[in-house]
file input.txt (compact mmCIF, C-alpha atoms)
# COMPACT_ATOMS: atom_id res chain seq x y z
CA MET Q 1 -11.42 -30.71 -0.27
CA ILE Q 2 -11.10 -30.56 3.53
CA LYS Q 3 -11.34 -27.05 4.92
CA THR Q 4 -8.41 -25.98 7.05
CA GLY Q 5 -9.34 -24.10 10.21
CA LYS Q 6 -7.17 -21.57 12.04
CA ASN Q 7 -7.16 -20.80 15.75
CA ALA Q 8 -8.05 -17.50 17.41
CA LYS Q 9 -4.40 -16.63 18.04
CA PHE Q 10 -3.67 -16.81 14.31
CA TYR Q 11 -6.58 -14.52 13.46
CA PHE Q 12 -5.57 -12.05 16.17
CA ALA Q 13 -1.99 -11.93 14.85
CA LEU Q 14 -3.29 -11.58 11.29
CA VAL Q 15 -5.60 -8.69 12.14
CA ILE Q 16 -3.30 -6.74 14.45
CA PHE Q 17 -0.15 -7.02 12.30
CA ALA Q 18 -2.01 -6.40 9.05
CA LEU Q 19 -3.85 -3.42 10.54
CA VAL Q 20 -0.88 -1.74 12.19
CA GLY Q 21 1.25 -2.41 9.12
CA GLN Q 22 -1.35 -0.75 6.91
CA VAL Q 23 -1.64 2.16 9.36
CA ALA Q 24 2.09 2.72 8.85
CA TRP Q 25 1.64 2.44 5.08
CA VAL Q 26 -1.15 5.03 5.21
CA ILE Q 27 1.35 7.41 6.77
CA GLU Q 28 3.84 6.54 4.02
CA ASN Q 29 1.50 6.40 1.03
CA MET Q 30 -1.00 9.16 1.82
CA TYR Q 31 0.04 11.34 4.76
CA LEU Q 32 3.64 11.97 3.69
CA ASN Q 33 2.26 13.45 0.47
CA VAL Q 34 0.11 15.81 2.51
CA PHE Q 35 3.01 16.47 4.91
CA ILE Q 36 5.46 17.72 2.28
CA TYR Q 37 2.68 19.56 0.43
CA LYS Q 38 1.49 21.49 3.48
CA MET Q 39 4.77 21.91 5.35
CA PHE Q 40 7.22 22.38 2.47
CA ASN Q 41 5.02 23.33 -0.55
CA ALA Q 42 6.03 20.25 -2.58
CA SER Q 43 5.00 20.08 -6.23
CA ALA Q 44 3.18 17.21 -7.98
CA GLY Q 45 6.50 16.24 -9.55
CA GLN Q 46 8.24 16.06 -6.16
CA ILE Q 47 5.43 13.94 -4.76
CA SER Q 48 5.76 11.66 -7.78
CA TRP Q 49 9.52 11.36 -7.19
CA MET Q 50 8.96 10.42 -3.55
CA VAL Q 51 6.44 7.71 -4.45
CA SER Q 52 8.74 6.34 -7.15
CA ALA Q 53 11.82 6.28 -4.90
CA SER Q 54 9.85 4.47 -2.21
CA ALA Q 55 8.54 1.95 -4.75
CA ILE Q 56 12.07 1.13 -5.89
CA ALA Q 57 13.24 0.77 -2.28
CA ALA Q 58 10.31 -1.53 -1.48
CA THR Q 59 11.00 -3.77 -4.45
CA VAL Q 60 14.73 -4.19 -3.87
CA THR Q 61 14.15 -4.78 -0.15
CA THR Q 62 11.45 -7.40 -0.68
CA LEU Q 63 13.53 -9.30 -3.23
CA LEU Q 64 16.52 -9.43 -0.87
CA ILE Q 65 14.73 -10.07 2.43
CA GLY Q 66 12.12 -12.43 0.99
CA ALA Q 67 14.83 -14.67 -0.43
CA LEU Q 68 16.80 -14.46 2.83
CA SER Q 69 13.78 -15.49 4.90
CA ASP Q 70 13.33 -18.50 2.61
CA LYS Q 71 17.00 -19.45 3.03
CA LEU Q 72 16.85 -19.22 6.82
CA GLY Q 73 13.34 -20.63 7.12
CA ARG Q 74 12.47 -17.79 9.48
CA ARG Q 75 9.65 -15.27 9.12
CA LYS Q 76 8.93 -14.34 12.75
CA LEU Q 77 12.31 -12.71 13.42
CA PHE Q 78 12.09 -10.54 10.31
CA ILE Q 79 8.53 -9.51 11.14
CA CYS Q 80 9.19 -8.54 14.75
CA ALA Q 81 12.62 -6.91 14.35
CA GLY Q 82 11.37 -5.19 11.22
CA TYR Q 83 8.35 -3.68 12.96
CA ILE Q 84 10.59 -2.36 15.74
CA ALA Q 85 12.95 -0.65 13.28
CA TRP Q 86 9.97 0.50 11.19
CA GLY Q 87 8.51 2.28 14.20
CA ILE Q 88 11.80 4.01 14.99
CA SER Q 89 12.10 5.27 11.40
CA ILE Q 90 8.57 6.75 11.55
CA LEU Q 91 9.54 8.62 14.71
CA GLY Q 92 12.35 10.19 12.71
CA PHE Q 93 9.94 12.23 10.58
CA ALA Q 94 9.08 14.30 13.64
CA LEU Q 95 12.62 15.71 13.47
CA ILE Q 96 12.19 17.14 9.95
CA ARG Q 97 11.04 20.72 10.59
CA GLU Q 98 11.58 23.76 8.38
CA ASP Q 99 12.51 25.96 11.33
CA SER Q 100 15.08 23.45 12.65
CA ILE Q 101 16.62 22.88 9.21
CA HIS Q 102 16.75 26.64 8.64
CA ARG Q 103 18.59 27.25 11.93
CA ALA Q 104 20.96 24.34 11.38
CA PHE Q 105 22.00 25.04 7.77
CA PHE Q 106 21.07 28.66 7.04
CA PRO Q 107 21.48 30.50 10.39
CA MET Q 108 22.66 33.79 8.90
CA ILE Q 109 19.76 34.22 6.46
CA SER Q 110 16.29 35.36 7.55
CA TYR Q 111 14.55 33.21 4.95
CA ASN Q 112 15.88 30.83 2.33
CA GLY Q 113 13.78 28.60 0.10
CA ALA Q 114 16.64 26.10 0.08
CA ALA Q 115 15.55 25.04 3.58
CA LEU Q 116 12.23 23.87 2.16
CA GLY Q 117 14.00 21.97 -0.62
CA LEU Q 118 16.30 20.31 1.91
CA CYS Q 119 13.30 19.30 4.03
CA ILE Q 120 11.70 17.65 1.00
CA THR Q 121 14.94 15.82 0.20
CA LEU Q 122 15.31 14.60 3.79
CA THR Q 123 11.70 13.42 3.78
CA ILE Q 124 12.26 11.42 0.58
CA VAL Q 125 15.47 9.87 1.95
CA LEU Q 126 13.86 8.94 5.28
CA ASP Q 127 10.85 7.61 3.38
CA CYS Q 128 13.18 5.17 1.60
CA VAL Q 129 14.74 4.14 4.93
CA MET Q 130 11.27 3.65 6.43
CA THR Q 131 10.27 1.64 3.37
CA PHE Q 132 13.29 -0.63 3.79
CA PHE Q 133 12.23 -1.63 7.29
CA GLY Q 134 8.53 -1.74 6.45
CA SER Q 135 9.02 -3.87 3.36
CA SER Q 136 11.33 -6.23 5.23
CA ALA Q 137 8.75 -6.73 7.96
CA ASN Q 138 5.47 -6.52 6.06
CA ASP Q 139 5.93 -7.01 2.33
CA ALA Q 140 8.56 -9.73 2.54
CA ALA Q 141 8.20 -11.56 5.86
CA PHE Q 142 4.56 -11.03 6.95
CA ASN Q 143 3.10 -11.78 3.53
CA ALA Q 144 5.28 -14.87 3.11
CA TRP Q 145 4.22 -16.00 6.60
CA LEU Q 146 0.59 -15.55 5.61
CA THR Q 147 1.06 -17.61 2.44
CA ASP Q 148 2.80 -20.39 4.41
CA ALA Q 149 0.04 -20.45 7.03
CA THR Q 150 -2.89 -20.76 4.59
CA ASP Q 151 -4.04 -23.02 1.77
CA GLU Q 152 -6.52 -23.12 -1.10
CA THR Q 153 -9.47 -23.77 1.23
CA ASN Q 154 -9.18 -20.54 3.21
CA ARG Q 155 -7.09 -18.04 1.24
CA GLY Q 156 -10.06 -16.15 -0.18
CA LYS Q 157 -11.49 -15.61 3.30
CA ILE Q 158 -8.15 -14.74 4.91
CA GLU Q 159 -7.07 -12.53 2.00
CA GLY Q 160 -10.43 -10.78 2.28
CA ILE Q 161 -9.62 -9.96 5.91
CA ASN Q 162 -6.10 -8.92 4.98
CA ALA Q 163 -7.37 -6.74 2.11
CA MET Q 164 -9.81 -4.96 4.43
CA MET Q 165 -6.98 -3.53 6.46
CA PRO Q 166 -5.84 -0.70 4.15
CA LEU Q 167 -9.30 0.88 4.36
CA VAL Q 168 -9.66 0.19 8.07
CA ALA Q 169 -6.22 1.74 8.52
CA ILE Q 170 -7.34 4.86 6.64
CA LEU Q 171 -10.33 5.07 8.96
CA VAL Q 172 -8.11 4.67 12.04
CA VAL Q 173 -5.61 7.32 10.89
CA PHE Q 174 -8.15 9.83 9.61
CA GLY Q 175 -10.48 9.33 12.55
CA GLY Q 176 -7.71 9.36 15.11
CA PHE Q 177 -6.11 12.55 13.83
CA MET Q 178 -9.05 14.40 12.27
CA SER Q 179 -9.04 16.98 15.07
CA LEU Q 180 -5.43 17.99 14.34
CA ASN Q 181 -4.69 21.00 12.17
CA GLN Q 182 -2.48 19.66 9.40
CA ASP Q 183 -1.18 23.14 8.66
CA LEU Q 184 0.73 23.07 11.97
CA GLN Q 185 4.06 21.34 12.44
CA GLU Q 186 3.07 20.28 15.97
CA SER Q 187 0.21 18.18 14.57
CA TRP Q 188 2.60 16.19 12.40
CA THR Q 189 4.89 15.63 15.38
CA VAL Q 190 1.97 14.04 17.23
CA ILE Q 191 1.05 11.88 14.21
CA PHE Q 192 4.56 10.54 13.67
CA CYS Q 193 5.23 9.92 17.37
CA VAL Q 194 1.95 8.07 17.98
CA ILE Q 195 2.14 5.86 14.88
CA GLY Q 196 5.85 5.20 15.27
CA GLY Q 197 5.40 4.23 18.91
CA VAL Q 198 2.53 1.83 18.15
CA VAL Q 199 4.46 0.08 15.36
CA LEU Q 200 7.53 -0.26 17.60
CA LEU Q 201 5.54 -1.75 20.50
CA LEU Q 202 3.77 -4.24 18.22
CA GLY Q 203 7.13 -5.46 16.98
CA ILE Q 204 8.06 -6.30 20.56
CA ALA Q 205 4.68 -7.96 21.19
CA GLY Q 206 5.06 -10.02 18.02
CA PHE Q 207 7.67 -12.25 19.66
CA PHE Q 208 4.82 -13.56 21.84
CA LEU Q 209 1.96 -13.42 19.30
CA ILE Q 210 3.31 -14.94 16.08
CA GLU Q 211 3.77 -18.66 15.63
CA GLU Q 212 6.40 -19.58 13.05
CA SER Q 213 4.73 -21.26 10.05
CA THR Q 214 7.83 -21.93 7.94
CA VAL Q 215 10.15 -24.92 7.97
CA LYS Q 216 13.69 -24.53 6.65
CA ASN Q 217 13.97 -26.13 3.21
CA GLU Q 218 17.38 -27.22 1.91
CA GLU Q 219 16.23 -26.42 -1.64
CA ASN Q 220 16.32 -22.75 -0.64
CA ALA Q 221 19.86 -22.83 0.79
CA HIS Q 222 21.48 -20.81 -2.02
CA TYR Q 223 20.70 -17.17 -1.28
CA PHE Q 224 21.69 -15.48 -4.53
CA ALA Q 225 19.98 -18.19 -6.53
CA ASN Q 226 16.84 -17.51 -4.49
CA ILE Q 227 16.93 -13.81 -5.40
CA VAL Q 228 16.85 -14.47 -9.17
CA TYR Q 229 14.72 -17.62 -8.97
CA GLY Q 230 11.48 -15.94 -10.04
CA PHE Q 231 13.13 -14.33 -13.08
CA ARG Q 232 14.22 -17.61 -14.68
CA PRO Q 233 12.48 -18.41 -18.00
CA ALA Q 234 11.94 -22.03 -16.94
CA VAL Q 235 10.20 -20.92 -13.74
CA ILE Q 236 8.01 -18.47 -15.65
CA LYS Q 237 7.05 -21.16 -18.16
CA VAL Q 238 5.70 -23.55 -15.52
CA ASN Q 239 3.97 -20.78 -13.53
CA LEU Q 240 2.10 -18.87 -16.25
CA ARG Q 241 -0.96 -18.39 -14.04
CA LEU Q 242 1.14 -16.70 -11.36
CA TYR Q 243 2.87 -14.34 -13.79
CA GLY Q 244 -0.42 -13.55 -15.51
CA ALA Q 245 -1.87 -12.62 -12.11
CA LEU Q 246 1.19 -10.47 -11.33
CA ALA Q 247 0.81 -8.64 -14.66
CA ALA Q 248 -2.86 -7.97 -13.93
CA LEU Q 249 -1.91 -6.76 -10.43
CA ALA Q 250 0.57 -4.28 -11.94
CA LEU Q 251 -1.97 -2.86 -14.38
CA PHE Q 252 -4.61 -2.63 -11.66
CA ASN Q 253 -2.30 -0.75 -9.29
CA ILE Q 254 -1.18 1.66 -12.00
CA SER Q 255 -4.82 2.71 -12.15
CA ILE Q 256 -4.87 3.16 -8.37
CA GLN Q 257 -1.60 5.09 -8.21
CA ILE Q 258 -2.71 7.63 -10.82
CA PHE Q 259 -5.12 9.18 -8.32
CA MET Q 260 -4.25 7.83 -4.86
CA PRO Q 261 -1.23 10.08 -4.08
CA TYR Q 262 -3.43 13.11 -4.71
CA LEU Q 263 -6.74 11.87 -3.27
CA ILE Q 264 -6.68 13.66 0.09
CA LEU Q 265 -5.47 16.84 -1.56
CA TYR Q 266 -8.31 16.56 -4.08
CA TYR Q 267 -10.90 16.34 -1.29
CA GLN Q 268 -9.33 19.11 0.76
CA VAL Q 269 -8.05 21.60 -1.81
CA SER Q 270 -10.15 21.03 -4.92
CA LEU Q 271 -13.51 20.24 -3.35
CA GLY Q 272 -12.95 22.26 -0.19
CA MET Q 273 -14.18 19.42 2.01
CA ASP Q 274 -12.56 19.97 5.37
CA ASN Q 275 -14.93 17.34 6.76
CA TYR Q 276 -13.83 14.71 4.25
CA VAL Q 277 -13.14 12.28 7.11
CA LEU Q 278 -16.84 12.26 7.99
CA ILE Q 279 -17.58 11.40 4.37
CA PHE Q 280 -14.83 8.81 4.22
CA ALA Q 281 -15.57 7.01 7.48
CA PRO Q 282 -18.94 5.38 6.67
CA ALA Q 283 -17.76 4.58 3.15
CA ILE Q 284 -14.68 2.86 4.56
CA ILE Q 285 -16.70 0.84 7.06
CA VAL Q 286 -19.07 -0.42 4.37
CA ALA Q 287 -16.24 -1.13 1.91
CA ALA Q 288 -14.22 -3.04 4.53
CA ALA Q 289 -17.22 -5.19 5.46
CA PHE Q 290 -17.98 -5.81 1.80
CA THR Q 291 -14.40 -6.90 1.09
CA GLY Q 292 -14.34 -9.27 4.07
CA PHE Q 293 -17.57 -10.87 2.87
CA TYR Q 294 -16.59 -10.97 -0.78
CA GLY Q 295 -13.50 -13.07 -0.08
CA LYS Q 296 -15.83 -16.03 0.47
CA VAL Q 297 -17.10 -15.64 -3.10
CA TYR Q 298 -13.58 -16.35 -4.32
CA ASP Q 299 -13.34 -19.52 -2.20
CA ARG Q 300 -16.69 -20.79 -3.47
CA LYS Q 301 -16.84 -19.62 -7.08
CA GLY Q 302 -13.24 -18.96 -8.10
CA PHE Q 303 -11.34 -16.03 -9.53
CA GLY Q 304 -13.07 -15.79 -12.90
CA PHE Q 305 -16.50 -15.42 -11.32
CA ALA Q 306 -15.39 -13.05 -8.56
CA ILE Q 307 -13.11 -10.55 -10.34
CA LEU Q 308 -15.29 -8.93 -13.00
CA PRO Q 309 -17.96 -7.44 -10.68
CA THR Q 310 -15.28 -5.84 -8.49
CA THR Q 311 -13.58 -4.11 -11.41
CA GLY Q 312 -17.02 -2.89 -12.48
CA LEU Q 313 -17.54 -1.32 -9.05
CA LEU Q 314 -14.18 0.43 -9.28
CA ALA Q 315 -14.97 1.80 -12.75
CA ALA Q 316 -18.34 3.08 -11.54
CA GLY Q 317 -16.62 4.84 -8.64
CA TYR Q 318 -14.22 6.59 -11.00
CA VAL Q 319 -17.07 7.82 -13.19
CA VAL Q 320 -19.04 9.20 -10.25
CA LEU Q 321 -15.99 10.90 -8.71
CA TYR Q 322 -15.12 12.49 -12.05
CA PHE Q 323 -18.47 14.28 -12.17
CA ALA Q 324 -19.30 14.64 -8.46
CA ARG Q 325 -18.86 17.89 -6.54
CA ALA Q 326 -21.53 17.77 -3.81
CA THR Q 327 -21.19 15.76 -0.61
CA VAL Q 328 -23.66 12.93 -1.37
CA PRO Q 329 -22.38 12.11 -4.88
CA VAL Q 330 -18.78 12.27 -3.63
CA PHE Q 331 -19.70 9.82 -0.86
CA ILE Q 332 -21.34 7.44 -3.36
CA GLY Q 333 -18.36 7.64 -5.70
CA SER Q 334 -15.92 7.09 -2.84
CA LEU Q 335 -17.90 4.09 -1.62
CA LEU Q 336 -17.99 2.45 -5.05
CA MET Q 337 -14.32 3.22 -5.62
CA MET Q 338 -13.19 1.81 -2.28
CA CYS Q 339 -15.35 -1.32 -2.55
CA GLY Q 340 -13.95 -2.00 -6.01
CA TYR Q 341 -10.39 -1.13 -5.04
CA LEU Q 342 -10.19 -3.36 -1.98
CA SER Q 343 -12.15 -6.33 -3.33
CA THR Q 344 -10.27 -6.39 -6.65
CA GLY Q 345 -6.98 -6.27 -4.77
CA ALA Q 346 -8.16 -9.11 -2.53
CA MET Q 347 -9.12 -11.32 -5.48
CA LEU Q 348 -5.78 -10.79 -7.19
CA GLY Q 349 -3.94 -11.31 -3.89
CA ALA Q 350 -5.72 -14.61 -3.21
CA LEU Q 351 -5.00 -15.83 -6.74
CA ILE Q 352 -1.31 -14.97 -6.39
CA ARG Q 353 -1.10 -16.90 -3.11
CA ASP Q 354 -2.85 -19.89 -4.70
CA CYS Q 355 -0.41 -19.86 -7.62
CA THR Q 356 2.76 -19.42 -5.52
CA PRO Q 357 4.89 -22.62 -5.41
CA GLU Q 358 4.99 -24.24 -1.99
CA LYS Q 359 7.98 -23.57 0.27
CA LYS Q 360 9.10 -20.69 -1.95
CA ALA Q 361 6.76 -17.93 -0.82
CA GLY Q 362 9.58 -15.59 0.20
CA MET Q 363 11.23 -15.73 -3.22
CA PHE Q 364 8.05 -14.57 -4.92
CA GLN Q 365 7.26 -11.68 -2.58
CA GLY Q 366 9.71 -9.51 -4.51
CA LEU Q 367 7.87 -10.26 -7.74
CA ARG Q 368 4.59 -9.43 -6.03
CA ILE Q 369 6.01 -6.07 -4.96
CA ILE Q 370 7.21 -5.41 -8.51
CA GLY Q 371 3.59 -5.82 -9.62
CA GLN Q 372 1.99 -4.17 -6.61
CA VAL Q 373 4.43 -1.35 -5.84
CA LEU Q 374 7.38 -0.82 -8.22
CA ILE Q 375 5.75 -0.67 -11.65
CA PRO Q 376 2.61 1.12 -10.39
CA GLY Q 377 4.62 3.36 -8.04
CA VAL Q 378 6.79 4.62 -10.90
CA ILE Q 379 4.25 4.75 -13.74
CA GLY Q 380 1.04 5.68 -11.89
CA PRO Q 381 2.18 8.84 -10.06
CA ALA Q 382 4.08 9.95 -13.17
CA ILE Q 383 0.86 9.72 -15.20
CA GLY Q 384 -0.96 11.58 -12.42
CA ALA Q 385 1.70 14.29 -12.33
CA ALA Q 386 1.52 14.63 -16.13
CA ILE Q 387 -2.25 14.97 -15.94
CA LEU Q 388 -1.85 17.68 -13.31
CA SER Q 389 1.01 19.47 -15.06
CA GLY Q 390 -1.36 22.20 -16.22
CA ALA Q 391 -3.41 22.27 -13.04
CA GLU Q 392 -4.59 25.49 -11.46
CA MET Q 393 -2.16 27.11 -9.00
CA ILE Q 394 -3.08 28.88 -5.76
CA VAL Q 395 -1.04 31.37 -3.74
CA ASN Q 396 -0.40 30.40 -0.11
CA ALA Q 397 -0.34 32.80 2.83
CA ASP Q 398 3.47 32.96 2.71
CA GLY Q 399 3.49 33.90 -0.98
CA THR Q 400 4.45 30.45 -2.30
CA GLU Q 401 2.32 28.57 -4.84
CA SER Q 402 0.72 25.12 -4.71
CA PHE Q 403 -1.06 23.10 -7.39
CA VAL Q 404 -4.76 22.18 -7.21
CA PRO Q 405 -5.52 18.53 -8.12
CA ASN Q 406 -8.46 18.14 -10.49
CA GLU Q 407 -10.95 15.46 -11.52
CA ASN Q 408 -8.88 14.36 -14.54
CA ILE Q 409 -6.92 12.00 -12.29
CA PHE Q 410 -10.03 9.80 -12.15
CA LEU Q 411 -10.38 9.84 -15.94
CA GLY Q 412 -6.77 8.70 -16.28
CA ALA Q 413 -7.38 5.97 -13.69
CA LEU Q 414 -10.46 4.79 -15.61
CA ILE Q 415 -8.48 4.44 -18.84
CA ALA Q 416 -5.80 2.42 -17.03
CA LEU Q 417 -8.51 0.22 -15.49
CA ALA Q 418 -9.90 -0.47 -18.98
CA VAL Q 419 -6.46 -1.83 -19.94
CA THR Q 420 -6.52 -3.99 -16.79
CA PHE Q 421 -9.93 -5.37 -17.71
CA ALA Q 422 -8.65 -6.31 -21.16
CA ALA Q 423 -5.75 -8.19 -19.57
CA LEU Q 424 -8.06 -10.11 -17.23
CA ILE Q 425 -9.86 -11.88 -20.08
CA PRO Q 426 -6.90 -14.02 -21.25
CA LEU Q 427 -5.93 -14.65 -17.61
CA ILE Q 428 -9.39 -16.07 -16.87
CA LYS Q 429 -9.17 -18.26 -19.99
CA LEU Q 430 -5.75 -19.50 -18.87
CA LEU Q 431 -7.10 -20.41 -15.44
CA LYS Q 432 -9.98 -22.38 -16.99
CA LYS Q 433 -7.55 -24.19 -19.30
CA LYS Q 434 -5.33 -25.17 -16.37
CA GLN Q 435 -8.33 -26.48 -14.45
call {"tool": "encode", "arguments": {"input": "input.txt", "output": "structure tokens"}}
result
Amino acid sequence: MIKTGKNAKFYFALVIFALVGQVAWVIENMYLNVFIYKMFNASAGQISWMVSASAIAATVTTLLIGALSDKLGRRKLFICAGYIAWGISILGFALIREDSIHRAFFPMISYNGAALGLCITLTIVLDCVMTFFGSSANDAAFNAWLTDATDETNRGKIEGINAMMPLVAILVVFGGFMSLNQDLQESWTVIFCVIGGVVLLLGIAGFFLIEESTVKNEENAHYFANIVYGFRPAVIKVNLRLYGALAALALFNISIQIFMPYLILYYQVSLGMDNYVLIFAPAIIVAAAFTGFYGKVYDRKGFGFAILPTTGLLAAGYVVLYFARATVPVFIGSLLMMCGYLSTGAMLGALIRDCTPEKKAGMFQGLRIIGQVLIPGVIGPAIGAAILSGAEMIVNADGTESFVPNENIFLGALIALAVTFAALIPLIKLLKKKQ
């Protein structure tokens, strides 16, 4: 098999759009949870509702826009315009302030808890709007563009680079804003304005950076047929490897979503680690480098050889984090968890790209989001919230109460990962049979 090389411009576009996109998703997936917890005293159930609503919005958006980009044979326009609108929507979070909402809707009352509830509701609604633009640009168009631009000779390597970006993005966000006091509204205004502005500017720059990799295909001319294409029994029957990989992706991400929405709060509130960024940063750097390297293992040895060690790393990380309380063990557990998380996601992502029918990448991005976001985003946080339903409560300075995440979220994630591991065995056998 002849290896397909890519030029420097492609790699630059891949890195910068993947990184900035993941920076925006860090704000959506991790920082918004902290935002409504610290600013508006949100409960675990409210955080779960926000994650679930966003997951539904992401899935519907990706199904609709992915199919539309296939019909039009255009990815670049959706990526660039989407990033611009995505950035504007992030800027909107800076306008959600308890004092402003109180003055606007409850001016005659000195204090009313309804203002906090309204702030949470507005945050959830704007989160769904932000997700619409972000999923249009990143989940639907960018990921379809990446599938179109790669092949079986380089997808492991390129997916390894792409999979590094969530951790690198965490490092960028945490490192860039670690000096800000997250208990102050002004700090969140800075965060939303900086990230929103960067995403907006990259969308404009994308018109000059991205080279269209898709050719319009007359087979994809029927839009509504494109939307339901991946749900047809006949399509499923001839693409069993793809649907097996999507099922494994869903189970894997349920495990991740059990603990991820509460991870920062666990470090800050439960362990009292105000310097958690300093613990996170070296772990993220090592995990990102490991994931970038490990993608080559997939290209050389295949999915069956590459996937089992990465799930083992993730399981080991869960076990260590469940028992760890001191800085060094927490660092070790975080490192193992992040290495396993990113590399397992990269292996499943590369397999899904390999199994996606040619010229129909946009149609299948919605199915990928169902496995990566919708099912895990609804089930995972709900399991996490149930685990934390009896969690310890603390009284804040203003007299309100907040829950304290505990280590049981990692035990729940480990059980879900065991189910994922069981599902991987028949998938590996299916891949060997097809070969």
call {"tool": "closest_residue", "arguments": {"input": "input.txt", "among": "Q:Phe142, Q:Tyr341, Q:Tyr11, Q:Trp86", "to": "Val198 (chain Q)", "atoms": "all atoms listed in the file"}}
result
Q:Trp86
call {"tool": "closest_residue", "arguments": {"input": "input.txt", "among": "Q:Asp274, Q:Thr356, Q:Leu313, Q:Ile210", "to": "Arg368 (chain Q)", "atoms": "all atoms listed in the file"}}
result
Q:Thr356
call {"tool": "residues_around", "arguments": {"input": "input.txt", "residues": "Val373 (chain Q)", "least_positions_apart": "3", "cutoff": "9 Å", "atoms": "only C-alpha atoms", "output": "list of chain:residue names"}}
result
Q:Ser52, Q:Ser54, Q:Ala55, Q:Ile56, Q:Ala58, Q:Thr59, Q:Ala250, Q:Asn253, Q:Ile254, Q:Arg368, Q:Ile369, Q:Ile370, Q:Pro376, Q:Gly377, Q:Val378
call {"tool": "residues_around", "arguments": {"input": "input.txt", "residues": "Ile284 (chain Q)", "least_positions_apart": "3", "cutoff": "12 Å", "atoms": "all atoms listed in the file", "output": "JSON, numbers by chain"}}
result
{"Q": [164, 165, 166, 167, 168, 169, 170, 171, 172, 173, 174, 175, 276, 277, 278, 279, 280, 281, 287, 288, 289, 290, 291, 331, 332, 333, 334, 335, 336, 337, 338, 339, 340, 341, 342]}
call {"tool": "residues_around", "arguments": {"input": "input.txt", "residues": "region 155-159 of chain Q", "least_positions_apart": "3", "cutoff": "6 Å", "atoms": "all atoms listed in the file", "output": "CSV table (one decimal) with C-alpha atoms, in the coordinates of the input"}}
result
chain,number,residue,atom,x,y,z
Q,151,ASP,CA,-4.0,-23.0,1.8
Q,152,GLU,CA,-6.5,-23.1,-1.1
Q,162,ASN,CA,-6.1,-8.9,5.0
Q,163,ALA,CA,-7.4,-6.7,2.1
Q,295,GLY,CA,-13.5,-13.1,-0.1
Q,296,LYS,CA,-15.8,-16.0,0.5
Q,298,TYR,CA,-13.6,-16.4,-4.3
Q,299,ASP,CA,-13.3,-19.5,-2.2
Q,346,ALA,CA,-8.2,-9.1,-2.5
Q,350,ALA,CA,-5.7,-14.6,-3.2
call {"tool": "atom_distance", "arguments": {"input": "input.txt", "atom1": "CA of Ala137 (chain Q)", "atom2": "CA of Met347 (chain Q)"}}
result
22.8 Å
call {"tool": "residues_near_point", "arguments": {"input": "input.txt", "point": "(2.5, 3.4, 5.3)", "cutoff": "12 Å", "atoms": "all atoms listed in the file", "output": "PyMOL selection string"}}
result
chain Q and resi 18-33+51+54-55+58+83+86-87+89-90+127-128+130-135+138-139+165-166+169-170+173+192+195-196+199
call {"tool": "atom_distance", "arguments": {"input": "input.txt", "atom1": "CA of Phe78 (chain Q)", "atom2": "CA of Leu202 (chain Q)"}}
result
13.1 Å
call {"tool": "residues_around", "arguments": {"input": "input.txt", "residues": "Leu240 (chain Q)", "least_positions_apart": "5", "cutoff": "12 Å", "atoms": "all atoms listed in the file", "output": "PyMOL selection string"}}
result
chain Q and resi 230+233-235+245-247+352+355-357+426-431+433-434
call {"tool": "closest_residue", "arguments": {"input": "input.txt", "among": "Q:Leu68, Q:Val269, Q:Val228, Q:Ala53", "to": "Pro381 (chain Q)", "atoms": "only C-alpha atoms"}}
result
Q:Ala53
call {"tool": "closest_residue", "arguments": {"input": "input.txt", "among": "Q:Leu249, Q:Ile84, Q:Leu77, Q:Val34", "to": "Tyr266 (chain Q)", "atoms": "all atoms listed in the file"}}
result
Q:Val34
call {"tool": "atom_distance", "arguments": {"input": "input.txt", "atom1": "CA of Asn143 (chain Q)", "atom2": "CA of Leu63 (chain Q)"}}
result
12.7 Å
call {"tool": "closest_residue", "arguments": {"input": "input.txt", "among": "Q:Leu200, Q:Val319, Q:Leu72, Q:Ile191", "to": "Ala141 (chain Q)", "atoms": "all atoms listed in the file"}}
result
Q:Leu72
call {"tool": "closest_residue", "arguments": {"input": "input.txt", "among": "Q:Phe17, Q:Tyr243, Q:Phe259, Q:Tyr229", "to": "Lys360 (chain Q)", "atoms": "all atoms listed in the file"}}
result
Q:Tyr229
call {"tool": "residues_around", "arguments": {"input": "input.txt", "residues": "Asn41 (chain Q)", "least_positions_apart": "5", "cutoff": "10 Å", "atoms": "only C-alpha atoms", "output": "list in words"}}
result
Val34, Phe35, Ile36, Gln46, Leu116, Gly117, Ile120, Asn396, Thr400, Glu401, Ser402 and Phe403 of chain Q
call {"tool": "closest_atom_pairs", "arguments": {"input": "input.txt", "of": "region 167-268 of chain Q", "to": "region 411-414 of chain Q", "cutoff": "7 Å", "atoms": "all atoms listed in the file", "output": "JSON lines"}}
result
{"residue": "Q:Ser255", "atom": "CA", "partner": "Q:Ala413", "partner_atom": "CA", "distance": 4.4}
{"residue": "Q:Ile256", "atom": "CA", "partner": "Q:Ala413", "partner_atom": "CA", "distance": 6.5}
{"residue": "Q:Ile258", "atom": "CA", "partner": "Q:Ala413", "partner_atom": "CA", "distance": 5.7}
{"residue": "Q:Phe259", "atom": "CA", "partner": "Q:Ala413", "partner_atom": "CA", "distance": 6.7}
